[in-house]
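A short write-up of the structure that comes next.
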Amino acid sequence: MKKVIMVTLLLILALPMSLQAQDVVELTMGSWRTEDIEQWANILEVFHAAHPEIHVNFEPTLNTEYDAQLTNQLAGGVGPDLITCRPFDRALLNYQAGGMANISDLPGLENFSDVALGAWSTDDGAETYCVPMASVIHGFIYNKTLFDELGLEAPTTESEFFAVLDALLEAGETPLGISTKDQWTTATMGFNNLWPNFCNGEETRQAILAGEAKFTDECFIDVLESLAAWAPYLPAGHESIGYADAQQTFPLGLTAIYPSGSWEIPLFNDLADFEMGAFKPYLPDDKDPSECSISDHVDIAIGMNANTEHPEEARIFLEWLTTADFAQVFSDNQPGFFSLSTHPVELSDPLAAEFVSWREDCTETIRMFDQFLSRGEPGGNQLMNENINVMIQGGVTPQEAADNIQAGLDDWYYSED
Amino acid sequence: MRSNNIRPPWHVLVAFIVPALIIYTVFMVYPLFDSMRLALYQQQADGSQVWVGLENFIRLFNDERTTDFDIRFINALLHTFIFFAIFMLVQNPMGLFLAGLLSIKGLRGAAVYRSILFVPTTMSIVIVGWIWTLMLNPLWGIVSDIVAGVGLESIIPKAGWLGDPNTALPVVTLVGVWQYIGMPMILFLASLIGIDDDLIEAAKVDGATGWDIFWRIKFPLVLPTAGVVAVLTFTANFVAFDNVFVMQGTQAGPSFATDILGTYFYRVTFGGASLLPNTSMGATIATMIFFIILIGVLFYLFILRPRLIRD
């Protein structure tokens, strides 16, 4: 009797092992988008139907820890098979360290513009290491239902913006939904929203890269002063509220305006039960509206781990990312992430359509510190994160913040010129 | 008559020690010295090492570049001492007090209390940190409500418990104290139970009160354990990382107010959201941590312990 039980148990244990002996290749996909688990499940369903022999597992990591974790995993020769790539410097450093595979010969890359590929290629453009996926547009998302109730209109200039904030404060609402516990938030979603309009968009960014403009110039001081003036309109205790919590406050109706970008749309669509609108980042009072500029940032791509055990299957997935099928299913599930491929895509989400419409009114640029300025120590993004957050908390003045950022870059970027 | 103290032949002694010695050397001694060696080099972008001598160590105390390694290091060092001080002044005396209560003869339900007090130590620090962060959240946490409820509303910081640079570190430390109080409690309890009952009986006969018994009999006999607990706390605190990591992340906000040596080391070595990894400076910080702990432990072994042990 004991023997019968033993044999039965062994057979039961052997069963899953024999199932695994089938040829389903498991790939892991790393990402910083913890908000997208459901959306990617839908997108991957389409892929799994087309390629039943491959199974991709979407395994995101907390966004503040993703970059450090990825760099170290790649340095150790491990890490996910498919890697969600940050644009420009951060992914370039991982590629140069040998962690990511060269996919320049991937069929389908011709479906992307040079601008898109440039964010994920070496400086000479010769080697590409990630398939571009989407760009995002910065802006302010607001509670349209609340605005209509209070008779407020979306602001276009700086004084209109602060007038709206004051009106919201008087009505007992928390005007702005941005928080300062996670260092990067006010920098990425405050500074990067405003500087293109206060300065001259892409022209200014190129001037900074060439050393012809400085962060201590007047337009940047104006941006920082405007940003510092946001402080009274932030939620109480914003120094202890992290990004994930702040993302919850807006759709819950606890805050009225959410300075951010189109990447929040999938999450807010899920959670908000009121009508949402979006307005472009505001212009300084004396600027002509036709000279507006938006941050249309090539944000996200997917590449391949150089040390993956399944390179062929990973390449099949990457090739699928270049198709029109993927572009459509991605846009359907991730409104707010605008596909970088040249395939025409139908946008059904009204909020996403609003963001995209700004491309017709304004010139475009990208986030200030992502290209070239974050390759050394102290990196531009790090300087921005550390100083702008502290400035809003009242720790440094706008002038001091600008001086610190300029001094940090003078130390390595400008001294090499 | 043969004494029982004949020493085994030397090769028997060696055969018993060598396996553990090999494992210890390969996994602990060698990496330690190699890290110290790495601190004398600066790793380049392509992985090669360039000899810089003591320059990294000098940078920890006086960084002329804008990377501010010196400011962050002194900051982290100071915070680690505060972290340690709170543990020594709050956790260990409370652990002793609780052990004192639990060691009372005939205490009903002593085993139950002991288990309850020890359970947090067995819990995952990630869960403990996460739940406490939720409770301390200004938007939907209950700690602020409770504090206001007992009338102490004025001490609630405007920026939130974890957002105010003055309260963030003590709060994170106290969560650690809450979780780990079972450890010194158990150690002290074992020591208290080991005290001979005859001593206590004799003292009672001589007319000693409970308080007298505690201070003049139990406490002196518990001092060696207090020394052990102190040095264990010291070592654990100076390499602490999880406590801050689960609540504030590696950025150790607000404005590095909760930055301790462990998080500073992690951030420098592995990089942060925008910080590039710098393994050479990381090795330097690790070496400094090692020396600090070494000094503390040597102090305990050669100065404190001889005075605590009654012969």
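For the structure tokens, the naming scheme is as follows: chains receive sequential letters (A, B, ...) according to their order of presentation, residues are indexed from 1 within each chain, and ligands are indexed from 1 in presentation order.
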Please run DSSP on the backbone and report, as a ChimeraX atom specification, all residues within segment 102-304 of chain B that come out as helix (DSSP H, G or I).
/B:102,110-122,125-136,143-149,153-155,165-180,182-193,197-205,210-238,242-248,261-270,279-304
What residues in chain B lie within 9 Å of chain A, counting only C-alpha atoms, written as a VMD selection string?
chain B and resid 45 to 47 65 to 67 136 to 139 157 to 164 248 to 251 253 to 255 267 270 to 277
Would you mind exporting C-alpha atoms of the selected residues as an mmCIF file, in the first residue's frame?
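Contents of selection.cif, freshly written:
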```
data_model
loop_
_atom_site.group_PDB
_atom_site.id
_atom_site.type_symbol
_atom_site.label_atom_id
_atom_site.label_comp_id
_atom_site.auth_asym_id
_atom_site.auth_seq_id
_atom_site.Cartn_x
_atom_site.Cartn_y
_atom_site.Cartn_z
ATOM 1 C CA ALA B 45 33.398 53.799 -17.173
ATOM 2 C CA ASP B 46 34.771 50.751 -18.957
ATOM 3 C CA GLY B 47 35.339 48.784 -15.769
ATOM 4 C CA ARG B 65 33.750 68.742 -6.379
ATOM 5 C CA THR B 66 30.039 69.371 -6.426
ATOM 6 C CA THR B 67 29.252 65.734 -5.767
ATOM 7 C CA LEU B 136 1.612 57.613 9.172
ATOM 8 C CA ASN B 137 0.325 58.999 5.874
ATOM 9 C CA PRO B 138 -1.191 62.471 6.333
ATOM 10 C CA LEU B 139 -3.965 61.769 3.834
ATOM 11 C CA PRO B 157 4.272 68.169 12.016
ATOM 12 C CA LYS B 158 2.694 70.124 9.156
ATOM 13 C CA ALA B 159 4.697 68.211 6.634
ATOM 14 C CA GLY B 160 3.605 64.855 7.946
ATOM 15 C CA TRP B 161 5.523 62.501 10.225
ATOM 16 C CA LEU B 162 7.749 61.219 7.459
ATOM 17 C CA GLY B 163 8.024 64.516 5.608
ATOM 18 C CA ASP B 164 9.380 66.750 8.348
ATOM 19 C CA GLN B 248 11.638 56.216 2.584
ATOM 20 C CA GLY B 249 13.383 54.465 -0.303
ATOM 21 C CA THR B 250 17.046 54.756 -1.150
ATOM 22 C CA GLN B 251 16.720 58.524 -1.573
ATOM 23 C CA GLY B 253 14.168 61.760 2.141
ATOM 24 C CA PRO B 254 13.091 64.328 3.143
ATOM 25 C CA SER B 255 16.280 65.994 1.886
ATOM 26 C CA ARG B 267 22.849 54.809 -3.134
ATOM 27 C CA PHE B 270 24.304 51.066 -6.985
ATOM 28 C CA GLY B 271 23.100 54.459 -8.118
ATOM 29 C CA GLY B 272 19.734 55.994 -7.546
ATOM 30 C CA ALA B 273 16.985 57.400 -9.717
ATOM 31 C CA SER B 274 19.482 59.614 -11.489
ATOM 32 C CA LEU B 275 22.702 58.948 -9.646
ATOM 33 C CA LEU B 276 25.344 56.980 -11.473
ATOM 34 C CA PRO B 277 26.791 53.967 -9.642
#
```
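Contact shell of Leu340 of chain A at 8 Å (only C-alpha atoms; same-chain neighbours under 3 positions omitted): Phe112, Ser113, Ala116, Pro132, Met133, Ala134, Ser135 and Val298 of chain A.
Using only C-alpha atoms for every distance, the candidate list B:Tyr30, B:Phe81, B:Phe57, B:Phe256 yields B:Phe57 as the residue closest to Thr287 of chain B.
Every protein or nucleic acid residue with an atom no more than 12 Å from Glu400 of chain A, counting only C-alpha atoms and leaving out same-chain residues fewer than 2 positions away, appears here: Phe215, Thr216, Phe220, Ile221, Leu224, Glu225, Asn387, Ile388, Val390, Met391, Gly394, Gly395, Val396, Thr397, Pro398, Ala402, Asp403, Asn404, Ile405, Gln406 and Ala407 of chain A.
The spacing separating atom CA of Val26 of chain B from atom CA of Ala286 of chain B amounts to 18.3 Å.
Each of B:Phe61, B:Phe87, B:Trp130, B:Tyr24 was checked against Val229 of chain B using only C-alpha atoms; the smallest atom-to-atom distance is that of B:Phe87.
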Residues near Gly108 of chain A, cut-off 8 Å, only C-alpha atoms, skip fewer than 2 positions along chain, as a compact mmCIF listing (two decimals) with N, CA and C atoms, in the first residue's frame:
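What follows is the written file around_39.txt:
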```txt
# COMPACT_ATOMS: atom_id res chain seq x y z
N LEU A 106 17.34 44.71 -36.80
CA LEU A 106 15.99 44.16 -36.61
C LEU A 106 15.08 44.63 -37.74
N GLU A 110 12.60 50.40 -39.78
CA GLU A 110 12.39 51.50 -40.73
C GLU A 110 11.04 52.18 -40.49
N ASN A 111 10.20 51.58 -39.63
CA ASN A 111 8.91 52.19 -39.31
C ASN A 111 9.03 53.30 -38.28
N GLU A 319 10.37 42.31 -32.80
CA GLU A 319 9.88 42.55 -34.16
C GLU A 319 8.40 42.85 -34.15
N THR A 322 7.31 46.38 -33.83
CA THR A 322 7.43 47.33 -34.94
C THR A 322 6.21 47.28 -35.85
N THR A 323 5.25 46.38 -35.57
CA THR A 323 4.13 46.21 -36.48
C THR A 323 2.99 47.17 -36.20
```
Could you list, as a PyMOL selection string, every residue within 9 Å of Gly95 of chain B, counting only C-alpha atoms and ignoring same-chain residues fewer than 6 positions away?
chain B and resi 181-189
